[in-house]
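What's in coords_33.txt: compact mmCIF, C-alpha atoms
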# COMPACT_ATOMS: atom_id res chain seq x y z
CA MET W 1 -6.23 23.22 19.71
CA TRP W 2 -4.12 21.29 17.20
CA THR W 3 -1.63 20.23 19.88
CA GLU W 4 -4.44 18.83 22.00
CA MET W 5 -5.62 16.73 19.06
CA GLU W 6 -2.19 15.04 18.79
CA LEU W 7 -2.04 14.90 15.01
CA CYS W 8 0.80 12.98 13.39
CA GLU W 9 4.05 14.59 12.28
CA LEU W 10 3.59 16.99 9.37
CA THR W 11 5.71 16.51 6.27
CA PRO W 12 8.79 18.79 6.52
CA GLU W 13 9.45 21.41 3.86
CA ALA W 14 12.80 19.86 2.92
CA GLU W 15 11.06 16.53 2.37
CA ILE W 16 8.44 18.10 0.07
CA GLN W 17 11.08 19.99 -1.90
CA ASN W 18 13.15 16.83 -2.38
CA ARG W 19 10.08 14.99 -3.67
CA LEU W 20 9.19 17.80 -6.05
CA GLY W 21 12.77 17.87 -7.34
CA LEU W 22 12.75 14.13 -7.95
CA PHE W 23 9.39 14.33 -9.73
CA ARG W 24 10.54 17.26 -11.88
CA ASP W 25 13.60 15.29 -12.97
CA LYS W 26 11.28 12.57 -14.26
CA MET W 27 9.02 15.16 -15.92
CA ALA W 28 12.04 16.57 -17.74
CA ARG W 29 13.06 13.09 -18.84
CA GLU W 30 9.65 12.56 -20.44
CA GLY W 31 9.33 16.08 -21.88
CA VAL W 32 6.44 17.12 -19.58
CA ASN W 33 6.23 20.90 -19.09
CA PHE W 34 3.66 20.99 -16.27
CA SER W 35 1.66 18.50 -14.20
CA ILE W 36 -1.83 18.74 -12.67
CA ILE W 37 -2.10 16.68 -9.46
CA LEU W 38 -5.61 15.82 -8.19
CA GLY W 39 -5.44 12.36 -6.57
CA ASN W 40 -5.38 12.38 -2.76
CA THR W 41 -2.36 10.09 -2.42
CA ASP W 42 -0.23 11.96 -4.95
CA LEU W 43 -1.41 15.30 -3.57
CA PHE W 44 -0.33 14.27 -0.07
CA TYR W 45 3.03 13.00 -1.33
CA LEU W 46 3.90 16.21 -3.18
CA SER W 47 2.26 18.83 -0.96
CA GLY W 48 1.70 17.32 2.51
CA THR W 49 -2.07 17.89 2.52
CA THR W 50 -5.20 16.16 1.20
CA GLN W 51 -7.60 19.05 1.45
CA LYS W 52 -9.75 19.71 -1.63
CA ALA W 53 -6.98 21.06 -3.80
CA VAL W 54 -5.21 21.14 -7.15
CA LEU W 55 -1.41 21.07 -7.20
CA VAL W 56 0.22 22.36 -10.36
CA VAL W 57 3.90 21.49 -10.80
CA PRO W 58 5.56 23.49 -13.62
CA LEU W 59 8.88 22.16 -14.83
CA GLU W 60 10.73 25.44 -14.45
CA SER W 61 8.91 27.48 -11.78
CA ALA W 62 7.49 27.13 -8.28
CA PRO W 63 4.53 24.80 -7.65
CA LEU W 64 1.07 26.29 -7.17
CA LEU W 65 -1.22 24.78 -4.55
CA PHE W 66 -4.82 25.88 -5.22
CA VAL W 67 -7.14 24.99 -2.33
CA GLU W 68 -10.92 25.17 -2.51
CA LYS W 69 -11.64 23.59 0.88
CA ASN W 70 -10.13 24.08 3.49
CA PRO W 71 -7.33 26.58 2.71
CA ASP W 72 -6.61 27.38 6.37
CA ARG W 73 -6.04 23.76 7.27
CA ALA W 74 -4.07 23.16 4.06
CA GLN W 75 -1.75 26.04 4.95
CA ARG W 76 -1.12 24.47 8.34
CA GLU W 77 -0.45 21.03 6.86
CA SER W 78 1.57 21.95 3.76
CA PRO W 79 4.86 23.86 3.61
CA LEU W 80 3.86 25.17 0.17
CA PRO W 81 2.16 28.57 -0.21
CA VAL W 82 -1.60 28.13 -0.52
CA ILE W 83 -3.69 29.95 -3.13
CA PRO W 84 -7.35 29.98 -1.95
CA ILE W 85 -9.92 29.53 -4.74
CA ARG W 86 -13.73 29.41 -4.75
CA ARG W 87 -13.98 26.96 -7.65
CA ASP W 88 -11.59 24.99 -9.86
CA LYS W 89 -12.13 27.42 -12.77
CA ASP W 90 -10.28 30.05 -10.71
CA ALA W 91 -7.15 27.90 -10.89
CA GLY W 92 -7.44 27.80 -14.67
CA ASP W 93 -7.67 31.59 -14.88
CA ILE W 94 -4.53 32.04 -12.75
CA LEU W 95 -2.60 29.46 -14.77
CA HIS W 96 -3.47 31.30 -17.98
CA GLU W 97 -2.34 34.61 -16.46
CA LYS W 98 0.99 33.07 -15.46
CA GLU W 99 1.41 31.51 -18.96
CA ILE W 100 2.16 28.08 -17.52
CA LEU W 101 -0.03 26.09 -19.92
CA HIS W 102 2.30 25.29 -22.79
CA GLY W 103 4.11 22.30 -24.26
CA LYS W 104 3.05 18.92 -22.88
CA GLY W 105 0.88 18.67 -19.77
CA GLY W 106 0.58 15.72 -17.40
CA MET W 107 -2.32 14.30 -15.40
CA GLU W 108 -2.92 11.12 -13.37
CA LEU W 109 -4.77 9.32 -16.15
CA ASP W 110 -4.80 5.96 -14.35
CA ILE W 111 -7.13 7.23 -11.61
CA LEU W 112 -8.98 10.28 -12.96
CA PRO W 113 -12.61 9.79 -13.99
CA VAL W 114 -13.19 10.73 -17.64
CA SER W 115 -15.62 13.47 -16.54
CA THR W 116 -12.94 15.08 -14.35
CA TYR W 117 -10.37 14.86 -17.12
CA GLU W 118 -12.75 16.43 -19.63
CA ARG W 119 -13.69 19.19 -17.17
CA TYR W 120 -10.05 20.17 -16.71
CA ARG W 121 -9.46 20.12 -20.43
CA GLN W 122 -12.29 22.65 -20.71
CA ILE W 123 -11.15 24.76 -17.76
CA LEU W 124 -7.57 24.91 -19.01
CA GLY W 125 -8.36 25.06 -22.73
CA PHE W 126 -5.56 22.55 -23.20
CA ASP W 127 -5.56 19.18 -24.95
CA SER W 128 -2.00 17.85 -24.90
CA PHE W 129 -1.94 15.68 -21.76
CA THR W 130 0.08 12.57 -21.04
CA ASP W 131 -0.16 10.12 -18.13
CA ILE W 132 2.23 11.11 -15.34
CA SER W 133 1.10 8.39 -12.91
CA PRO W 134 4.06 6.15 -13.77
CA LEU W 135 6.41 9.04 -12.99
CA ILE W 136 4.79 9.66 -9.60
CA ARG W 137 4.74 5.98 -8.69
CA GLU W 138 8.38 5.68 -9.72
CA SER W 139 9.23 8.71 -7.56
CA ARG W 140 7.48 7.14 -4.57
CA MET W 141 9.17 3.75 -4.98
CA VAL W 142 12.25 4.60 -2.86
CA LYS W 143 11.41 5.87 0.62
CA SER W 144 13.20 8.63 2.50
CA ASP W 145 14.26 8.37 6.14
CA PHE W 146 11.14 10.37 7.05
CA GLU W 147 8.89 7.90 5.23
CA ILE W 148 10.63 4.88 6.73
CA ARG W 149 10.06 6.38 10.17
CA GLN W 150 6.31 6.62 9.49
CA ILE W 151 6.19 3.04 8.21
CA LYS W 152 7.99 1.80 11.30
CA ARG W 153 5.36 3.56 13.42
CA ALA W 154 2.69 1.68 11.44
CA GLY W 155 4.70 -1.46 12.16
CA GLU W 156 4.42 -0.79 15.91
CA ILE W 157 0.63 -0.79 15.57
CA MET W 158 0.87 -4.04 13.65
CA ASP W 159 3.06 -5.65 16.32
CA ALA W 160 0.54 -4.68 19.00
CA VAL W 161 -2.37 -6.22 17.08
CA PHE W 162 -0.54 -9.48 16.32
CA SER W 163 0.61 -9.70 19.94
CA ARG W 164 -2.97 -9.20 21.12
CA THR W 165 -4.40 -11.93 18.85
CA PRO W 166 -3.69 -14.96 21.11
CA GLN W 167 -5.75 -13.31 23.87
CA VAL W 168 -8.67 -12.67 21.50
CA LEU W 169 -8.87 -15.68 19.18
CA ARG W 170 -11.08 -18.48 20.52
CA GLU W 171 -12.82 -21.54 19.11
CA GLY W 172 -16.45 -20.75 18.21
CA MET W 173 -15.88 -17.05 17.51
CA ARG W 174 -16.89 -15.69 14.14
CA GLU W 175 -14.20 -14.30 11.88
CA ILE W 176 -15.89 -10.91 11.93
CA ASP W 177 -15.94 -10.80 15.75
CA VAL W 178 -12.19 -11.42 15.88
CA GLU W 179 -11.71 -8.66 13.32
CA ALA W 180 -13.82 -6.23 15.36
CA GLU W 181 -11.76 -6.81 18.52
CA LEU W 182 -8.40 -6.51 16.80
CA ALA W 183 -9.35 -3.59 14.55
CA ALA W 184 -10.37 -1.70 17.70
CA GLU W 185 -6.96 -2.45 19.21
CA GLY W 186 -5.27 -0.94 16.16
CA ARG W 187 -7.45 2.16 16.21
CA ARG W 188 -6.74 2.76 19.89
CA ARG W 189 -3.05 2.75 19.01
CA GLY W 190 -3.42 5.33 16.24
CA HIS W 191 -4.36 3.39 13.11
CA GLN W 192 -5.53 5.94 10.53
CA GLY W 193 -8.68 3.93 9.80
CA LEU W 194 -8.38 3.12 6.09
CA LEU W 195 -5.93 1.88 3.49
CA ARG W 196 -5.42 3.35 0.04
CA MET W 197 -5.02 1.11 -2.99
CA ARG W 198 -4.38 2.39 -6.50
CA GLY W 199 -6.57 1.46 -9.41
CA PHE W 200 -10.15 1.47 -10.64
CA ASN W 201 -12.46 -0.54 -8.34
CA GLN W 202 -9.52 -1.52 -6.14
CA GLU W 203 -10.75 -1.70 -2.54
CA MET W 204 -8.98 -3.03 0.52
CA MET W 205 -9.99 -3.49 4.14
CA CYS W 206 -7.58 -3.00 7.02
CA LEU W 207 -7.93 -6.48 8.52
CA TYR W 208 -8.89 -9.87 7.08
CA VAL W 209 -9.58 -12.79 9.41
CA ILE W 210 -9.87 -15.91 7.26
CA SER W 211 -10.33 -19.44 8.58
CA GLY W 212 -10.67 -22.93 7.16
CA GLN W 213 -12.48 -23.27 3.84
CA ALA W 214 -13.09 -19.51 3.59
CA GLY W 215 -9.40 -19.21 2.70
CA ALA W 216 -9.89 -21.28 -0.44
CA VAL W 217 -12.70 -19.21 -1.98
CA PRO W 218 -11.39 -17.14 -4.91
CA THR W 219 -12.71 -13.66 -5.55
CA CYS W 220 -12.17 -10.48 -7.55
CA VAL W 221 -9.34 -9.03 -5.44
CA ASN W 222 -5.87 -9.33 -6.94
CA ALA W 223 -4.63 -11.36 -3.98
CA ALA W 224 -3.95 -15.04 -3.39
CA ILE W 225 -6.24 -15.14 -0.34
CA ALA W 226 -9.04 -12.66 0.28
CA GLY W 227 -11.80 -14.45 2.22
CA VAL W 228 -15.54 -14.55 1.61
CA GLY W 229 -16.81 -11.34 3.22
CA VAL W 230 -20.37 -10.79 4.38
CA THR W 231 -22.01 -9.63 1.14
CA ALA W 232 -21.76 -9.98 -2.63
CA ALA W 233 -21.47 -6.19 -2.71
CA ILE W 234 -18.00 -6.46 -1.12
CA PRO W 235 -16.99 -10.06 -1.85
CA HIS W 236 -13.90 -10.32 0.32
CA GLY W 237 -12.84 -9.97 3.94
CA SER W 238 -13.87 -11.59 7.21
CA SER W 239 -17.13 -13.54 7.23
CA PHE W 240 -19.69 -14.92 9.65
CA ARG W 241 -17.90 -18.27 9.52
CA THR W 242 -17.21 -19.83 12.93
CA ILE W 243 -13.58 -20.55 13.77
CA ARG W 244 -12.95 -24.24 14.46
CA ARG W 245 -10.20 -26.33 15.96
CA ASP W 246 -7.35 -27.70 13.85
CA GLN W 247 -7.94 -25.26 11.00
CA PRO W 248 -5.58 -22.46 9.92
CA VAL W 249 -6.68 -18.92 10.77
CA LEU W 250 -4.97 -16.19 8.73
CA LEU W 251 -4.75 -12.59 9.89
CA ASP W 252 -3.85 -10.33 6.99
CA TYR W 253 -3.48 -6.86 8.48
CA GLY W 254 -2.68 -3.48 7.00
CA ALA W 255 -1.66 -0.98 9.64
CA GLY W 256 -1.72 2.68 8.65
CA TYR W 257 0.04 5.60 10.32
CA ASN W 258 0.33 9.15 8.97
CA GLY W 259 -0.63 7.93 5.50
CA TYR W 260 1.91 5.08 5.42
CA ILE W 261 0.98 1.42 5.33
CA THR W 262 2.43 -1.88 6.47
CA ASP W 263 0.98 -5.17 5.21
CA GLU W 264 1.67 -8.48 6.94
CA THR W 265 0.07 -11.89 7.55
CA ARG W 266 0.38 -14.44 10.35
CA THR W 267 -1.20 -17.88 10.70
CA PHE W 268 -2.78 -19.12 13.92
CA VAL W 269 -4.33 -22.48 14.82
CA ILE W 270 -6.40 -23.63 17.77
CA GLY W 271 -5.14 -27.17 18.24
CA SER W 272 -2.89 -28.54 15.49
CA LEU W 273 -2.61 -28.54 11.70
CA ASN W 274 -2.66 -31.57 9.44
CA GLU W 275 0.57 -32.50 7.64
CA LYS W 276 -0.36 -30.70 4.40
CA PHE W 277 -0.92 -27.32 6.03
CA ALA W 278 2.03 -27.71 8.40
CA LYS W 279 4.35 -28.47 5.48
CA ALA W 280 3.04 -25.53 3.45
CA HIS W 281 3.62 -23.13 6.34
CA GLU W 282 7.14 -24.49 6.76
CA VAL W 283 7.85 -23.91 3.05
CA ALA W 284 6.41 -20.39 3.25
CA ARG W 285 8.75 -19.67 6.16
CA GLU W 286 11.70 -21.09 4.22
CA ILE W 287 10.87 -18.86 1.24
CA LEU W 288 10.77 -15.79 3.48
CA ASP W 289 14.02 -16.70 5.21
CA GLU W 290 15.78 -17.44 1.92
CA THR W 291 14.50 -14.20 0.39
CA ALA W 292 15.69 -12.19 3.39
CA ALA W 293 19.11 -13.83 3.19
CA PHE W 294 19.51 -13.38 -0.57
CA ALA W 295 17.91 -10.04 -1.47
CA ARG W 296 19.70 -6.71 -1.18
CA GLU W 297 20.30 -3.57 -3.20
CA GLY W 298 21.08 -4.63 -6.77
CA THR W 299 19.01 -7.85 -6.70
CA GLU W 300 16.50 -8.26 -9.53
CA THR W 301 12.91 -8.77 -8.41
CA SER W 302 12.16 -11.47 -10.98
CA GLU W 303 14.91 -13.60 -9.46
CA LEU W 304 13.19 -13.43 -6.07
CA PHE W 305 9.97 -14.73 -7.60
CA GLU W 306 11.69 -17.53 -9.51
CA ARG W 307 13.61 -18.70 -6.44
CA ALA W 308 10.39 -18.80 -4.42
CA ARG W 309 8.49 -20.66 -7.14
CA SER W 310 11.36 -23.12 -7.46
CA ARG W 311 11.25 -23.76 -3.71
CA ALA W 312 7.47 -24.38 -3.89
CA LYS W 313 7.98 -26.72 -6.85
CA SER W 314 10.66 -28.75 -5.10
CA ALA W 315 8.21 -29.23 -2.23
CA LYS W 316 5.55 -30.33 -4.75
CA LEU W 317 3.38 -27.38 -3.79
CA ASP W 318 3.71 -25.25 -6.93
CA GLU W 319 0.13 -26.04 -7.98
CA TYR W 320 -1.10 -24.27 -4.82
CA PHE W 321 1.50 -21.49 -4.66
CA MET W 322 0.00 -17.97 -4.52
CA GLY W 323 -3.49 -19.29 -5.16
CA TYR W 324 -5.05 -22.16 -7.03
CA GLY W 325 -6.45 -22.45 -10.56
CA GLY W 326 -8.07 -19.23 -11.76
CA GLY W 327 -7.42 -17.60 -8.39
CA GLN W 328 -3.65 -17.91 -8.69
CA VAL W 329 -1.72 -14.63 -8.86
CA GLY W 330 1.59 -14.05 -10.61
CA PHE W 331 3.52 -12.22 -7.90
CA LEU W 332 5.34 -13.00 -4.66
CA GLY W 333 5.10 -9.53 -3.17
CA HIS W 334 4.77 -5.82 -3.76
CA GLY W 335 5.91 -2.44 -2.56
CA VAL W 336 4.11 -0.65 0.26
CA GLY W 337 4.02 3.02 1.22
CA LEU W 338 1.17 5.49 0.85
CA GLU W 339 -0.72 2.79 -1.06
CA ILE W 340 -0.83 -0.92 -0.43
CA ASN W 341 0.06 -1.83 -4.01
CA GLU W 342 3.10 0.30 -4.68
CA LEU W 343 6.10 -0.49 -6.87
CA PRO W 344 8.04 -2.66 -7.25
CA VAL W 345 5.95 -5.78 -7.86
CA ILE W 346 7.84 -9.03 -7.23
CA THR W 347 6.94 -10.80 -10.46
CA PRO W 348 8.73 -12.29 -13.48
CA ARG W 349 6.75 -10.03 -15.82
CA HIS W 350 8.23 -6.70 -14.76
CA PRO W 351 11.82 -7.12 -13.54
CA GLN W 352 13.10 -4.29 -11.36
CA ILE W 353 16.46 -3.80 -9.65
CA LEU W 354 16.11 -3.34 -5.90
CA THR W 355 17.33 -0.01 -4.53
CA GLU W 356 18.04 0.91 -0.93
CA GLY W 357 14.94 2.47 0.63
CA MET W 358 12.37 0.37 -1.21
CA ILE W 359 9.94 -1.37 1.14
CA LEU W 360 8.65 -4.79 0.13
CA ALA W 361 5.80 -6.96 1.41
CA ILE W 362 6.83 -10.56 0.67
CA GLU W 363 3.89 -12.97 0.99
CA PRO W 364 4.43 -16.66 0.18
CA LYS W 365 1.01 -18.30 0.53
CA PHE W 366 -0.63 -21.57 -0.44
CA VAL W 367 -4.28 -22.32 -1.24
CA PHE W 368 -5.76 -25.83 -1.14
CA PRO W 369 -9.13 -26.01 -2.93
CA GLY W 370 -12.02 -26.98 -0.70
CA GLU W 371 -9.80 -27.06 2.38
CA GLY W 372 -8.29 -23.67 3.13
CA SER W 373 -5.13 -21.61 2.89
CA ILE W 374 -1.98 -20.82 4.80
CA GLY W 375 0.98 -18.48 4.55
CA ILE W 376 3.01 -15.61 5.92
CA GLU W 377 3.65 -12.03 4.85
CA ALA W 378 6.37 -9.75 6.16
CA ASP W 379 7.60 -6.27 5.27
CA PHE W 380 11.25 -5.53 4.58
CA ILE W 381 13.31 -2.39 3.97
CA VAL W 382 15.88 -2.87 1.22
CA ARG W 383 19.39 -2.07 2.42
CA ARG W 384 22.76 -2.31 0.68
CA GLU W 385 23.74 -5.42 2.63
CA GLY W 386 20.37 -7.14 2.91
CA LEU W 387 16.75 -6.77 4.02
CA GLU W 388 15.66 -5.20 7.32
CA ARG W 389 12.39 -6.26 8.97
CA VAL W 390 9.86 -3.48 9.58
CA THR W 391 8.10 -5.28 12.45
CA LYS W 392 9.30 -7.42 15.36
CA THR W 393 6.55 -10.02 15.71
CA PRO W 394 7.88 -13.55 15.02
CA LEU W 395 6.87 -15.20 11.76
CA ASP W 396 6.22 -18.59 13.37
CA LEU W 397 2.93 -20.46 13.24
CA VAL W 398 1.08 -19.59 16.48
CA ARG W 399 -0.56 -22.59 18.17
CA LEU W 400 -3.26 -21.88 20.75
Could you write out this file's structure as structure tokens?
Amino acid sequence: MWTEMELCELTPEAEIQNRLGLFRDKMAREGVNFSIILGNTDLFYLSGTTQKAVLVVPLESAPLLFVEKNPDRAQRESPLPVIPIRRDKDAGDILHEKEILHGKGGMELDILPVSTYERYRQILGFDSFTDISPLIRESRMVKSDFEIRQIKRAGEIMDAVFSRTPQVLREGMREIDVEAELAAEGRRRGHQGLLRMRGFNQEMMCLYVISGQAGAVPTCVNAAIAGVGVTAAIPHGSSFRTIRRDQPVLLDYGAGYNGYITDETRTFVIGSLNEKFAKAHEVAREILDETAAFAREGTETSELFERARSRAKSAKLDEYFMGYGGGQVGFLGHGVGLEINELPVITPRHPQILTEGMILAIEPKFVFPGEGSIGIEADFIVRREGLERVTKTPLDLVRL
């Protein structure tokens, strides 16, 4: 049955053990004796499954994967031994029997609801918890060969969607209709259907089609360009706006395969762009090309941001770089992986040395108030000698 369903490649046991070893090293560094993992993304990273489960990682003994629903499927998906439970309290009883609850415990305090945290404090009868989310995110920052292979598969879906766009995009179509056609293309090619983004109230769609003035409307999303959307309940994304000639149309697409995400943007135009938009796109392309030529293992992320900002300033576009006014964001790019906002962040505020295996989404964009926005985003794998593109689709402005 499972073969007929053509599920993606399961995470190998060696991969899981390497991840657990890396995470334990960071636990030891911070004096954490055991960790309780509940978040879907972290659970998948460290166990290979996202069934309803609790993963307990002791510093000095084997991990325990407690699964409430569905243990049979979890055992197929994860290389770790599964301990079936009827309720989460059963996990607490077993942990007490094994005398694992001592010293300093760790939980994902950046994403756990207070009620869940308090429930586990009661179940475990333990109060000394620290936030291990930074340790997990740091562990996930450098990708293995297995992970890079999954991301490249997501990149193939992305290439197919961008290549299909010129056949779909037409004057008079609504943004949301273009999105529907292209999102369907991605799903047919194996897109997993959603993107994960870390943080409270952080929500992200798979595909944003943003045209003309809709690209200049700021919103709550921590992004330079997010569109208007179709409702105040979800105030970003494609809208009912009609696509017109001689206006930039941005496609910001997150392809997802086997949990792993790519995040890129291309600009299209039906007709031609005015000089302001054409110049801004040219500068965005120059920033990407210069970043790709300069960055490599050992480069500091803050330097990438400063070089890009300097290039925007020399073109007299710094006022519009990465947003405008209150909608301006303070980063040039971010890591991608199991979540769309992974480390490192390309910003002057949190300098980080690039390491081979990191995957970066670099997104120089410009927003002109009342007129629209334009830009490019491309994903790169950090290598010792430079940056390697994840996808193959050209970064050029596409004129239709």
Spatial neighbours of W:Val142, 10 Å, only C-alpha atoms, chain gap at least 6 places, as a CSV table (one decimal) with C-alpha atoms, in the coordinates of the input:
chain,number,residue,atom,x,y,z
W,148,ILE,CA,10.6,4.9,6.7
W,335,GLY,CA,5.9,-2.4,-2.6
W,337,GLY,CA,4.0,3.0,1.2
W,343,LEU,CA,6.1,-0.5,-6.9
W,344,PRO,CA,8.0,-2.7,-7.2
W,354,LEU,CA,16.1,-3.3,-5.9
W,355,THR,CA,17.3,0.0,-4.5
W,356,GLU,CA,18.0,0.9,-0.9
W,357,GLY,CA,14.9,2.5,0.6
W,358,MET,CA,12.4,0.4,-1.2
W,359,ILE,CA,9.9,-1.4,1.1
W,381,ILE,CA,13.3,-2.4,4.0
W,382,VAL,CA,15.9,-2.9,1.2
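The residue that comes closest to W:Thr219, out of W:Pro364, W:Gly326, W:Gly193, W:Gly125 and on the basis of all atoms listed in the file, is W:Gly326.
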Check your understanding: From the list W:Gly199, W:Ile243, W:Val114, W:Ile123, which residue is nearest W:Asp93 when using only C-alpha atoms?
Key -> W:Ile123
**Study point:** Length of the atom CA of W:Arg266 to atom CA of W:Arg137 vector [Å]
**Key:**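 It comes out at 28.3 Å.
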Exercise for review: Pick out the residues sitting within 12 Å of W:Tyr208, and hand them over as a PyMOL selection string; count all atoms listed in the file, and ignore anything fewer than 3 positions along from it in its own chain.
Suggested key: chain W and resi 175-180+182-183+204-205+211+214-215+223+225-230+236-239+249-255+263-267
**Study point:** Distance query W:Gly172 at most 9 Å, all atoms listed in the file, self and fewer than 3 positions along chain excluded, as a ChimeraX atom specification
**Key:** /W:242-245
Review point. Can you find the residues with an atom no farther than 12 Å from (-9.9, 31.2, -6.1), counting all atoms listed in the file, and report them as a list in words?
Key: Ala53, Val54, Leu65, Phe66, Val67, Glu68, Lys69, Asn70, Pro71, Val82, Ile83, Pro84, Ile85, Arg86, Arg87, Asp88, Lys89, Asp90, Ala91, Gly92, Asp93, Ile94 and Leu95 of chain W
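Shortest atom-to-atom contact with W:Lys52 among W:Ala74, W:Leu169, W:Ile36, W:Val283: W:Ala74, counting only C-alpha atoms.
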**Study point:** W:Glu377, W:Asp42, W:Ser314, W:Tyr257 ranked by distance to W:Glu138, top pick (using all atoms listed in the file)
**Key:**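 Under the stated criterion, the closest residue is W:Asp42.
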Practice item. Could you jot down the atom CA of W:Thr291 to atom CA of W:Phe277 separation for me, Å, one decimal place? Key: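 Atom CA of W:Phe277 lies at a distance of 21.0 Å from atom CA of W:Thr291.
The residue that comes closest to W:Glu282, out of W:Arg311, W:Gly212, W:Asp379, W:Leu22 and on the basis of all atoms listed in the file, is W:Arg311.
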Check your understanding: Which is closest to W:Thr41 among W:Ser115, W:Asn201, W:Ser272, W:Asn258, if we use only C-alpha atoms?
Key -> W:Asn258
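Atom CA of W:Lys365 lies 7.1 Å from atom CA of W:Ala224.
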Exercise for review: Considering only C-alpha atoms, return as a list of chain:residue names whatever protein or nucleic-acid residues lie within 12 Å of W:Ala315, sequence-local ones (same chain, fewer than 4 positions apart) excluded.
Suggested key: W:Lys276, W:Lys279, W:Ala280, W:His281, W:Glu282, W:Val283, W:Ala284, W:Glu286, W:Ile287, W:Ala308, W:Arg309, W:Ser310, W:Arg311, W:Glu319, W:Tyr320, W:Phe321, W:Phe366
Exercise for review: Give me the residues within 12 Å of stretch 131-135 of chain W as a PyMOL selection string, counting all atoms listed in the file and dropping any in the same chain fewer than 2 places off.
Suggested key: chain W and resi 19-20+22-39+41-43+57+104-112+117+128-129+137-141+198-199+342-344
Let me see the file: selected residues, C-alpha atoms, as a PDB file, in the frame of the given file.
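Ended up saving to result-v6.pdb:
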ATOM      1  CA  ARG W  19      10.080  14.990  -3.670  1.00  0.00           C
ATOM      2  CA  LEU W  20       9.190  17.800  -6.050  1.00  0.00           C
ATOM      3  CA  LEU W  22      12.750  14.130  -7.950  1.00  0.00           C
ATOM      4  CA  PHE W  23       9.390  14.330  -9.730  1.00  0.00           C
ATOM      5  CA  ARG W  24      10.540  17.260 -11.880  1.00  0.00           C
ATOM      6  CA  ASP W  25      13.600  15.290 -12.970  1.00  0.00           C
ATOM      7  CA  LYS W  26      11.280  12.570 -14.260  1.00  0.00           C
ATOM      8  CA  MET W  27       9.020  15.160 -15.920  1.00  0.00           C
ATOM      9  CA  ALA W  28      12.040  16.570 -17.740  1.00  0.00           C
ATOM     10  CA  ARG W  29      13.060  13.090 -18.840  1.00  0.00           C
ATOM     11  CA  GLU W  30       9.650  12.560 -20.440  1.00  0.00           C
ATOM     12  CA  GLY W  31       9.330  16.080 -21.880  1.00  0.00           C
ATOM     13  CA  VAL W  32       6.440  17.120 -19.580  1.00  0.00           C
ATOM     14  CA  ASN W  33       6.230  20.900 -19.090  1.00  0.00           C
ATOM     15  CA  PHE W  34       3.660  20.990 -16.270  1.00  0.00           C
ATOM     16  CA  SER W  35       1.660  18.500 -14.200  1.00  0.00           C
ATOM     17  CA  ILE W  36      -1.830  18.740 -12.670  1.00  0.00           C
ATOM     18  CA  ILE W  37      -2.100  16.680  -9.460  1.00  0.00           C
ATOM     19  CA  LEU W  38      -5.610  15.820  -8.190  1.00  0.00           C
ATOM     20  CA  GLY W  39      -5.440  12.360  -6.570  1.00  0.00           C
ATOM     21  CA  THR W  41      -2.360  10.090  -2.420  1.00  0.00           C
ATOM     22  CA  ASP W  42      -0.230  11.960  -4.950  1.00  0.00           C
ATOM     23  CA  LEU W  43      -1.410  15.300  -3.570  1.00  0.00           C
ATOM     24  CA  VAL W  57       3.900  21.490 -10.800  1.00  0.00           C
ATOM     25  CA  LYS W 104       3.050  18.920 -22.880  1.00  0.00           C
ATOM     26  CA  GLY W 105       0.880  18.670 -19.770  1.00  0.00           C
ATOM     27  CA  GLY W 106       0.580  15.720 -17.400  1.00  0.00           C
ATOM     28  CA  MET W 107      -2.320  14.300 -15.400  1.00  0.00           C
ATOM     29  CA  GLU W 108      -2.920  11.120 -13.370  1.00  0.00           C
ATOM     30  CA  LEU W 109      -4.770   9.320 -16.150  1.00  0.00           C
ATOM     31  CA  ASP W 110      -4.800   5.960 -14.350  1.00  0.00           C
ATOM     32  CA  ILE W 111      -7.130   7.230 -11.610  1.00  0.00           C
ATOM     33  CA  LEU W 112      -8.980  10.280 -12.960  1.00  0.00           C
ATOM     34  CA  TYR W 117     -10.370  14.860 -17.120  1.00  0.00           C
ATOM     35  CA  SER W 128      -2.000  17.850 -24.900  1.00  0.00           C
ATOM     36  CA  PHE W 129      -1.940  15.680 -21.760  1.00  0.00           C
ATOM     37  CA  ARG W 137       4.740   5.980  -8.690  1.00  0.00           C
ATOM     38  CA  GLU W 138       8.380   5.680  -9.720  1.00  0.00           C
ATOM     39  CA  SER W 139       9.230   8.710  -7.560  1.00  0.00           C
ATOM     40  CA  ARG W 140       7.480   7.140  -4.570  1.00  0.00           C
ATOM     41  CA  MET W 141       9.170   3.750  -4.980  1.00  0.00           C
ATOM     42  CA  ARG W 198      -4.380   2.390  -6.500  1.00  0.00           C
ATOM     43  CA  GLY W 199      -6.570   1.460  -9.410  1.00  0.00           C
ATOM     44  CA  GLU W 342       3.100   0.300  -4.680  1.00  0.00           C
ATOM     45  CA  LEU W 343       6.100  -0.490  -6.870  1.00  0.00           C
ATOM     46  CA  PRO W 344       8.040  -2.660  -7.250  1.00  0.00           C
TER      47      PRO W 344
END
Check your understanding: Taking (21.1, -10.5, -1.2) in the file's coordinates as the center, which residues reach within 12 Å of it, counting all atoms listed in the file, put as a PyMOL selection string?
Key -> chain W and resi 289-301+303-304+353-356+382-388
